[in-house]
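Listing of run-v9.txt, compact mmCIF, N, CA and C atoms
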# COMPACT_ATOMS: atom_id res chain seq x y z
N THR R 282 -40.89 -14.12 -2.33
CA THR R 282 -40.26 -14.51 -1.08
C THR R 282 -41.33 -14.85 -0.05
N THR R 283 -40.87 -15.34 1.06
CA THR R 283 -41.80 -15.73 2.13
C THR R 283 -42.51 -14.53 2.70
N ALA R 284 -41.80 -13.41 2.82
CA ALA R 284 -42.40 -12.20 3.38
C ALA R 284 -43.53 -11.70 2.48
N SER R 285 -43.32 -11.71 1.18
CA SER R 285 -44.38 -11.23 0.28
C SER R 285 -45.59 -12.16 0.32
N PHE R 286 -45.34 -13.46 0.45
CA PHE R 286 -46.45 -14.40 0.56
C PHE R 286 -47.26 -14.14 1.82
N LEU R 287 -46.57 -13.88 2.93
CA LEU R 287 -47.27 -13.59 4.19
C LEU R 287 -48.07 -12.30 4.08
N ILE R 288 -47.49 -11.29 3.43
CA ILE R 288 -48.21 -10.03 3.27
C ILE R 288 -49.47 -10.23 2.43
N ARG R 289 -49.34 -11.02 1.36
CA ARG R 289 -50.50 -11.29 0.52
C ARG R 289 -51.59 -12.03 1.30
N CYS R 290 -51.17 -13.00 2.10
CA CYS R 290 -52.16 -13.76 2.88
C CYS R 290 -52.85 -12.89 3.90
N VAL R 291 -52.09 -12.02 4.58
CA VAL R 291 -52.68 -11.14 5.59
C VAL R 291 -53.64 -10.18 4.92
N CYS R 292 -53.25 -9.64 3.76
CA CYS R 292 -54.11 -8.67 3.08
C CYS R 292 -55.40 -9.31 2.58
N VAL R 293 -55.29 -10.50 2.06
CA VAL R 293 -56.47 -11.17 1.52
C VAL R 293 -57.44 -11.49 2.66
N PHE R 294 -56.89 -11.98 3.77
CA PHE R 294 -57.76 -12.36 4.88
C PHE R 294 -58.30 -11.17 5.66
N SER R 295 -57.53 -10.08 5.72
CA SER R 295 -58.00 -8.93 6.50
C SER R 295 -58.87 -7.99 5.67
N GLY R 296 -58.74 -8.03 4.36
CA GLY R 296 -59.59 -7.21 3.51
C GLY R 296 -59.09 -5.78 3.35
N HIS R 297 -57.88 -5.45 3.74
CA HIS R 297 -57.32 -4.08 3.62
C HIS R 297 -56.55 -3.95 2.32
N GLY R 298 -56.97 -3.03 1.46
CA GLY R 298 -56.24 -2.71 0.24
C GLY R 298 -56.11 -3.90 -0.68
N SER R 299 -55.59 -3.63 -1.82
CA SER R 299 -55.42 -4.72 -2.77
C SER R 299 -54.03 -5.32 -2.63
N VAL R 300 -53.92 -6.53 -3.02
CA VAL R 300 -52.64 -7.25 -2.95
C VAL R 300 -51.62 -6.58 -3.85
N GLU R 301 -52.10 -6.10 -5.01
CA GLU R 301 -51.19 -5.46 -5.95
C GLU R 301 -50.55 -4.21 -5.36
N ASP R 302 -51.33 -3.45 -4.60
CA ASP R 302 -50.78 -2.23 -3.98
C ASP R 302 -49.70 -2.58 -2.97
N LEU R 303 -49.95 -3.61 -2.20
CA LEU R 303 -48.95 -4.02 -1.21
C LEU R 303 -47.70 -4.58 -1.88
N LEU R 304 -47.90 -5.36 -2.93
CA LEU R 304 -46.75 -5.89 -3.65
C LEU R 304 -45.96 -4.77 -4.33
N ASP R 305 -46.69 -3.79 -4.84
CA ASP R 305 -46.03 -2.64 -5.47
C ASP R 305 -45.21 -1.86 -4.44
N ALA R 306 -45.77 -1.68 -3.25
CA ALA R 306 -45.04 -0.97 -2.20
C ALA R 306 -43.81 -1.77 -1.78
N GLU R 307 -43.95 -3.07 -1.68
CA GLU R 307 -42.80 -3.90 -1.31
C GLU R 307 -41.73 -3.87 -2.39
N ASN R 308 -42.15 -3.91 -3.65
CA ASN R 308 -41.20 -3.83 -4.76
C ASN R 308 -40.46 -2.50 -4.75
N LYS R 309 -41.17 -1.42 -4.47
CA LYS R 309 -40.51 -0.10 -4.41
C LYS R 309 -39.50 -0.06 -3.27
N ARG R 310 -39.88 -0.65 -2.12
CA ARG R 310 -38.96 -0.66 -0.99
C ARG R 310 -37.71 -1.47 -1.32
N LEU R 311 -37.91 -2.63 -1.95
CA LEU R 311 -36.77 -3.46 -2.33
C LEU R 311 -35.91 -2.79 -3.40
N ALA R 312 -36.57 -2.08 -4.33
CA ALA R 312 -35.82 -1.36 -5.37
C ALA R 312 -34.98 -0.24 -4.75
N ASP R 313 -35.57 0.47 -3.78
CA ASP R 313 -34.80 1.52 -3.10
C ASP R 313 -33.62 0.92 -2.33
N ASN R 314 -33.86 -0.20 -1.69
CA ASN R 314 -32.79 -0.88 -0.96
C ASN R 314 -31.68 -1.30 -1.93
N LEU R 315 -32.05 -1.84 -3.07
CA LEU R 315 -31.08 -2.25 -4.08
C LEU R 315 -30.32 -1.04 -4.62
N ALA R 316 -31.02 0.06 -4.86
CA ALA R 316 -30.37 1.27 -5.36
C ALA R 316 -29.34 1.79 -4.35
N THR R 317 -29.64 1.71 -3.06
CA THR R 317 -28.70 2.13 -2.03
C THR R 317 -27.46 1.24 -2.05
N LYS R 318 -27.66 -0.06 -2.18
CA LYS R 318 -26.52 -0.98 -2.22
C LYS R 318 -25.66 -0.75 -3.45
N VAL R 319 -26.30 -0.53 -4.59
CA VAL R 319 -25.56 -0.26 -5.82
C VAL R 319 -24.76 1.03 -5.69
N SER R 320 -25.36 2.04 -5.07
CA SER R 320 -24.66 3.30 -4.87
C SER R 320 -23.43 3.11 -3.98
N ARG R 321 -23.58 2.33 -2.91
CA ARG R 321 -22.44 2.05 -2.03
C ARG R 321 -21.34 1.29 -2.78
N LEU R 322 -21.74 0.31 -3.59
CA LEU R 322 -20.75 -0.45 -4.36
C LEU R 322 -20.03 0.43 -5.38
N LYS R 323 -20.77 1.34 -6.00
CA LYS R 323 -20.17 2.26 -6.97
C LYS R 323 -19.16 3.16 -6.28
N SER R 324 -19.52 3.66 -5.11
CA SER R 324 -18.60 4.50 -4.34
C SER R 324 -17.36 3.73 -3.93
N LEU R 325 -17.55 2.49 -3.52
CA LEU R 325 -16.43 1.65 -3.13
C LEU R 325 -15.51 1.37 -4.32
N ALA R 326 -16.09 1.10 -5.46
CA ALA R 326 -15.29 0.85 -6.67
C ALA R 326 -14.50 2.10 -7.05
N TYR R 327 -15.11 3.27 -6.91
CA TYR R 327 -14.40 4.52 -7.20
C TYR R 327 -13.24 4.71 -6.24
N ASP R 328 -13.45 4.42 -4.95
CA ASP R 328 -12.38 4.54 -3.96
C ASP R 328 -11.24 3.57 -4.25
N ILE R 329 -11.58 2.36 -4.66
CA ILE R 329 -10.55 1.37 -5.01
C ILE R 329 -9.75 1.84 -6.21
N ASP R 330 -10.43 2.40 -7.21
CA ASP R 330 -9.75 2.91 -8.40
C ASP R 330 -8.79 4.05 -8.04
N ARG R 331 -9.27 4.96 -7.19
CA ARG R 331 -8.43 6.08 -6.78
C ARG R 331 -7.21 5.59 -5.99
N GLU R 332 -7.40 4.61 -5.11
CA GLU R 332 -6.30 4.05 -4.33
C GLU R 332 -5.29 3.34 -5.23
N ALA R 333 -5.77 2.62 -6.23
CA ALA R 333 -4.88 1.95 -7.17
C ALA R 333 -4.06 2.97 -7.95
N ASP R 334 -4.67 4.07 -8.36
CA ASP R 334 -3.92 5.12 -9.06
C ASP R 334 -2.85 5.72 -8.16
N ASP R 335 -3.19 5.98 -6.89
CA ASP R 335 -2.21 6.52 -5.95
C ASP R 335 -1.05 5.55 -5.74
N GLN R 336 -1.36 4.26 -5.62
CA GLN R 336 -0.30 3.26 -5.43
C GLN R 336 0.58 3.16 -6.67
N ASN R 337 -0.01 3.27 -7.86
CA ASN R 337 0.79 3.23 -9.09
C ASN R 337 1.74 4.43 -9.15
N GLU R 338 1.26 5.61 -8.77
CA GLU R 338 2.13 6.79 -8.75
C GLU R 338 3.28 6.59 -7.76
N TYR R 339 2.97 6.03 -6.60
CA TYR R 339 3.99 5.78 -5.59
C TYR R 339 5.05 4.80 -6.10
N LEU R 340 4.59 3.72 -6.76
CA LEU R 340 5.52 2.73 -7.29
C LEU R 340 6.37 3.31 -8.42
N ASP R 341 5.79 4.18 -9.25
CA ASP R 341 6.56 4.83 -10.30
C ASP R 341 7.66 5.70 -9.69
N GLY R 342 7.34 6.41 -8.61
CA GLY R 342 8.35 7.22 -7.93
C GLY R 342 9.45 6.36 -7.34
N MET R 343 9.08 5.21 -6.78
CA MET R 343 10.09 4.30 -6.24
C MET R 343 10.99 3.78 -7.35
N ASP R 344 10.42 3.51 -8.51
CA ASP R 344 11.20 3.01 -9.63
C ASP R 344 12.26 4.02 -10.03
N SER R 345 11.88 5.29 -10.13
CA SER R 345 12.86 6.30 -10.52
C SER R 345 13.92 6.48 -9.44
N ASN R 346 13.52 6.36 -8.15
CA ASN R 346 14.50 6.45 -7.07
C ASN R 346 15.49 5.30 -7.12
N PHE R 347 15.00 4.10 -7.41
CA PHE R 347 15.90 2.95 -7.51
C PHE R 347 16.84 3.09 -8.70
N LEU R 348 16.34 3.63 -9.79
CA LEU R 348 17.21 3.82 -10.95
C LEU R 348 18.32 4.82 -10.64
N SER R 349 17.99 5.90 -9.94
CA SER R 349 19.04 6.87 -9.61
C SER R 349 20.02 6.29 -8.61
N ALA R 350 19.54 5.48 -7.66
CA ALA R 350 20.45 4.84 -6.70
C ALA R 350 21.34 3.83 -7.41
N THR R 351 20.80 3.13 -8.39
CA THR R 351 21.60 2.17 -9.16
C THR R 351 22.70 2.89 -9.93
N GLY R 352 22.36 4.02 -10.52
CA GLY R 352 23.37 4.80 -11.23
C GLY R 352 24.46 5.29 -10.30
N LEU R 353 24.08 5.75 -9.12
CA LEU R 353 25.05 6.22 -8.14
C LEU R 353 25.96 5.09 -7.68
N LEU R 354 25.38 3.93 -7.40
CA LEU R 354 26.19 2.80 -6.94
C LEU R 354 27.11 2.28 -8.04
N SER R 355 26.64 2.23 -9.26
CA SER R 355 27.51 1.74 -10.34
C SER R 355 28.68 2.69 -10.56
N GLY R 356 28.43 4.00 -10.43
CA GLY R 356 29.53 4.97 -10.53
C GLY R 356 30.53 4.80 -9.40
N SER R 357 30.04 4.54 -8.21
CA SER R 357 30.93 4.33 -7.06
C SER R 357 31.75 3.07 -7.23
N VAL R 358 31.15 2.01 -7.73
CA VAL R 358 31.88 0.76 -7.96
C VAL R 358 32.96 0.96 -9.02
N LYS R 359 32.67 1.71 -10.05
CA LYS R 359 33.68 1.98 -11.09
C LYS R 359 34.85 2.75 -10.50
N ARG R 360 34.57 3.77 -9.69
CA ARG R 360 35.65 4.55 -9.07
C ARG R 360 36.46 3.68 -8.11
N PHE R 361 35.78 2.83 -7.36
CA PHE R 361 36.46 1.93 -6.43
C PHE R 361 37.36 0.96 -7.18
N SER R 362 36.85 0.38 -8.27
CA SER R 362 37.65 -0.55 -9.07
C SER R 362 38.87 0.14 -9.66
N THR R 363 38.70 1.37 -10.13
CA THR R 363 39.82 2.13 -10.68
C THR R 363 40.86 2.39 -9.59
N MET R 364 40.42 2.69 -8.40
CA MET R 364 41.34 2.97 -7.30
C MET R 364 42.10 1.71 -6.89
N VAL R 365 41.43 0.57 -6.87
CA VAL R 365 42.10 -0.69 -6.50
C VAL R 365 43.15 -1.06 -7.55
N ARG R 366 42.86 -0.85 -8.80
CA ARG R 366 43.78 -1.23 -9.87
C ARG R 366 44.93 -0.24 -10.06
N SER R 367 44.84 0.93 -9.46
CA SER R 367 45.79 1.99 -9.82
C SER R 367 47.18 1.84 -9.22
N GLY R 368 47.36 1.32 -8.05
CA GLY R 368 48.73 1.19 -7.54
C GLY R 368 48.77 0.95 -6.04
N ARG R 369 50.01 0.80 -5.52
CA ARG R 369 50.23 0.43 -4.14
C ARG R 369 49.82 1.54 -3.18
N ASP R 370 50.12 2.79 -3.48
CA ASP R 370 49.78 3.90 -2.58
C ASP R 370 48.27 4.01 -2.39
N ASN R 371 47.54 3.86 -3.47
CA ASN R 371 46.08 3.92 -3.37
C ASN R 371 45.52 2.75 -2.59
N ARG R 372 46.17 1.60 -2.66
CA ARG R 372 45.70 0.45 -1.89
C ARG R 372 45.86 0.70 -0.40
N ARG R 373 46.94 1.35 -0.02
CA ARG R 373 47.16 1.67 1.40
C ARG R 373 46.07 2.64 1.88
N ILE R 374 45.78 3.65 1.08
CA ILE R 374 44.72 4.61 1.43
C ILE R 374 43.38 3.89 1.52
N LEU R 375 43.12 2.99 0.57
CA LEU R 375 41.89 2.21 0.57
C LEU R 375 41.77 1.38 1.84
N CYS R 376 42.86 0.78 2.28
CA CYS R 376 42.85 -0.01 3.50
C CYS R 376 42.52 0.87 4.71
N TYR R 377 43.14 2.05 4.80
CA TYR R 377 42.87 2.96 5.92
C TYR R 377 41.41 3.43 5.90
N VAL R 378 40.91 3.75 4.74
CA VAL R 378 39.52 4.21 4.63
C VAL R 378 38.57 3.08 5.02
N SER R 379 38.85 1.86 4.59
CA SER R 379 37.99 0.72 4.94
C SER R 379 37.99 0.48 6.43
N ILE R 380 39.14 0.50 7.05
CA ILE R 380 39.22 0.30 8.50
C ILE R 380 38.49 1.43 9.22
N GLY R 381 38.68 2.67 8.74
CA GLY R 381 38.00 3.81 9.34
C GLY R 381 36.48 3.69 9.26
N LEU R 382 35.97 3.24 8.13
CA LEU R 382 34.53 3.06 7.98
C LEU R 382 33.99 2.00 8.93
N VAL R 383 34.74 0.91 9.09
CA VAL R 383 34.30 -0.15 10.01
C VAL R 383 34.28 0.39 11.44
N VAL R 384 35.31 1.15 11.82
CA VAL R 384 35.36 1.72 13.17
C VAL R 384 34.20 2.69 13.38
N VAL R 385 33.94 3.55 12.41
CA VAL R 385 32.83 4.50 12.52
C VAL R 385 31.50 3.75 12.64
N PHE R 386 31.33 2.69 11.89
CA PHE R 386 30.10 1.89 11.97
C PHE R 386 29.90 1.35 13.38
N PHE R 387 30.95 0.75 13.95
CA PHE R 387 30.82 0.19 15.29
C PHE R 387 30.61 1.27 16.34
N LEU R 388 31.23 2.43 16.18
CA LEU R 388 30.99 3.54 17.11
C LEU R 388 29.53 4.00 17.05
N LEU R 389 29.02 4.17 15.86
CA LEU R 389 27.62 4.56 15.72
C LEU R 389 26.68 3.51 16.29
N TYR R 390 26.98 2.24 16.06
CA TYR R 390 26.17 1.16 16.60
C TYR R 390 26.18 1.20 18.14
N TYR R 391 27.35 1.41 18.70
CA TYR R 391 27.48 1.47 20.16
C TYR R 391 26.70 2.66 20.72
N MET R 392 26.82 3.82 20.06
CA MET R 392 26.13 5.02 20.54
C MET R 392 24.61 4.86 20.45
N VAL R 393 24.13 4.30 19.37
CA VAL R 393 22.68 4.12 19.20
C VAL R 393 22.16 3.10 20.21
N SER R 394 22.90 2.03 20.46
CA SER R 394 22.44 1.05 21.44
C SER R 394 22.43 1.63 22.85
N ARG R 395 23.35 2.52 23.17
CA ARG R 395 23.38 3.17 24.49
C ARG R 395 22.20 4.14 24.65
N ILE R 396 21.86 4.83 23.58
CA ILE R 396 20.77 5.82 23.62
C ILE R 396 19.43 5.10 23.82
N GLN R 397 19.27 3.95 23.21
CA GLN R 397 18.00 3.22 23.27
C GLN R 397 17.75 2.61 24.65
N ARG R 398 18.75 2.42 25.45
CA ARG R 398 18.55 1.82 26.79
C ARG R 398 18.01 2.79 27.73

Target encoding structure tokens, full file:
Amino acid sequence: TTASFLIRCVCVFSGHGSVEDLLDAENKRLADNLATKVSRLKSLAYDIDREADDQNEYLDGMDSNFLSATGLLSGSVKRFSTMVRSGRDNRRILCYVSIGLVVVFFLLYYMVSRIQR
């Protein structure tokens, strides 16, 4: 590099020490610098690996949660379908429950919007 060339020129002209000693010292300094960088990269790679493992565990947990929610929803849909097909009295109850749920939803929406103001 340019720095090593300048060091060699200064050493040759000034007469202090041998060029090889200075080059050896510069090589050791550069090797130490490289070792520090490699150590940092190794640590970073280890942190990335650990983070990837944590994210995989989190995604696996989400998968099982979605599967259980899917099972719950499919069971609810089956019960709802059975209730709709069963007869006139159940349809009337279904209508009242549906209207009640809509009213409860709007009441909760109104209450939450009032609280946030």

Contacts of range 375-391 of chain R at 12 Å (only C-alpha atoms; same-chain gap of 5+ positions) as a PyMOL selection string: chain R and resi 360-370+396-398

Mind working out the centre and edge lengths of an axis-aligned box for range 312-318 of chain R, all listed atoms inside, 5 Å added to each side, rounded to one decimal in Å and written as JSON?
{"center_x": -31.1, "center_y": -0.1, "center_z": -3.2, "size_x": 20.9, "size_y": 14.4, "size_z": 14.4}

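Here CA of Ala312 in chain R is placed at a distance of 26.3 Å from atom C of Ile329 in chain R.
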
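For the pair atom N of Asp302 in chain R and CA of Ser320 in chain R, the separation is 27.5 Å.
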
Atom C of Ser355 in chain R to atom N of Met343 in chain R: how many Å, to one decimal?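 Computing the Euclidean distance for atom C of Ser355 in chain R and atom N of Met343 in chain R yields 20.1 Å.
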
Could all heavy atoms be built for range 343-354 of chain R and written out as a CSV table (one decimal), in the coordinates of the input?
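Output file part-v6.csv is given in full below:
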chain,number,residue,atom,x,y,z
R,343,MET,N,9.1,5.2,-6.8
R,343,MET,CA,10.1,4.3,-6.2
R,343,MET,C,11.0,3.8,-7.4
R,343,MET,O,12.2,3.6,-7.2
R,343,MET,CB,9.4,3.1,-5.5
R,343,MET,CG,8.9,3.5,-4.2
R,343,MET,SD,8.1,2.1,-3.3
R,343,MET,CE,9.5,0.9,-3.2
R,344,ASP,N,10.4,3.5,-8.5
R,344,ASP,CA,11.2,3.0,-9.6
R,344,ASP,C,12.3,4.0,-10.0
R,344,ASP,O,13.4,3.7,-10.2
R,344,ASP,CB,10.3,2.7,-10.8
R,344,ASP,CG,11.0,2.1,-12.0
R,344,ASP,OD1,11.9,1.2,-11.8
R,344,ASP,OD2,10.7,2.5,-13.1
R,345,SER,N,11.9,5.3,-10.1
R,345,SER,CA,12.9,6.3,-10.5
R,345,SER,C,13.9,6.5,-9.4
R,345,SER,O,15.1,6.7,-9.7
R,345,SER,CB,12.2,7.6,-10.9
R,345,SER,OG,12.0,8.4,-9.7
R,346,ASN,N,13.5,6.4,-8.2
R,346,ASN,CA,14.5,6.4,-7.1
R,346,ASN,C,15.5,5.3,-7.1
R,346,ASN,O,16.7,5.5,-6.9
R,346,ASN,CB,13.8,6.5,-5.7
R,346,ASN,CG,13.1,7.8,-5.5
R,346,ASN,OD1,13.3,8.8,-6.1
R,346,ASN,ND2,12.1,7.7,-4.5
R,347,PHE,N,15.0,4.1,-7.4
R,347,PHE,CA,15.9,3.0,-7.5
R,347,PHE,C,16.8,3.1,-8.7
R,347,PHE,O,18.0,2.7,-8.6
R,347,PHE,CB,15.1,1.6,-7.6
R,347,PHE,CG,14.6,1.1,-6.3
R,347,PHE,CD1,13.3,0.9,-6.1
R,347,PHE,CD2,15.5,0.9,-5.2
R,347,PHE,CE1,12.8,0.4,-4.9
R,347,PHE,CE2,15.0,0.4,-4.0
R,347,PHE,CZ,13.7,0.2,-3.8
R,348,LEU,N,16.3,3.6,-9.8
R,348,LEU,CA,17.2,3.8,-11.0
R,348,LEU,C,18.3,4.8,-10.6
R,348,LEU,O,19.5,4.6,-11.0
R,348,LEU,CB,16.4,4.3,-12.2
R,348,LEU,CG,15.5,3.2,-12.8
R,348,LEU,CD1,14.7,3.8,-13.9
R,348,LEU,CD2,16.4,2.1,-13.4
R,349,SER,N,18.0,5.9,-9.9
R,349,SER,CA,19.0,6.9,-9.6
R,349,SER,C,20.0,6.3,-8.6
R,349,SER,O,21.2,6.5,-8.7
R,349,SER,CB,18.4,8.2,-9.1
R,349,SER,OG,17.8,7.9,-7.9
R,350,ALA,N,19.5,5.5,-7.7
R,350,ALA,CA,20.4,4.8,-6.7
R,350,ALA,C,21.3,3.8,-7.4
R,350,ALA,O,22.5,3.7,-7.1
R,350,ALA,CB,19.7,4.2,-5.6
R,351,THR,N,20.8,3.1,-8.4
R,351,THR,CA,21.6,2.2,-9.2
R,351,THR,C,22.7,2.9,-9.9
R,351,THR,O,23.8,2.4,-10.0
R,351,THR,CB,20.7,1.4,-10.1
R,351,THR,OG1,19.7,0.7,-9.4
R,351,THR,CG2,21.5,0.4,-10.9
R,352,GLY,N,22.4,4.0,-10.5
R,352,GLY,CA,23.4,4.8,-11.2
R,352,GLY,C,24.5,5.3,-10.3
R,352,GLY,O,25.7,5.2,-10.6
R,353,LEU,N,24.1,5.8,-9.1
R,353,LEU,CA,25.0,6.2,-8.1
R,353,LEU,C,26.0,5.1,-7.7
R,353,LEU,O,27.2,5.3,-7.6
R,353,LEU,CB,24.3,6.8,-7.0
R,353,LEU,CG,25.2,7.4,-5.8
R,353,LEU,CD1,26.0,8.6,-6.3
R,353,LEU,CD2,24.3,7.7,-4.6
R,354,LEU,N,25.4,3.9,-7.4
R,354,LEU,CA,26.2,2.8,-6.9
R,354,LEU,C,27.1,2.3,-8.0
R,354,LEU,O,28.3,1.9,-7.8
R,354,LEU,CB,25.3,1.7,-6.4
R,354,LEU,CG,24.6,1.9,-5.1
R,354,LEU,CD1,23.6,0.8,-4.8
R,354,LEU,CD2,25.6,2.1,-4.0
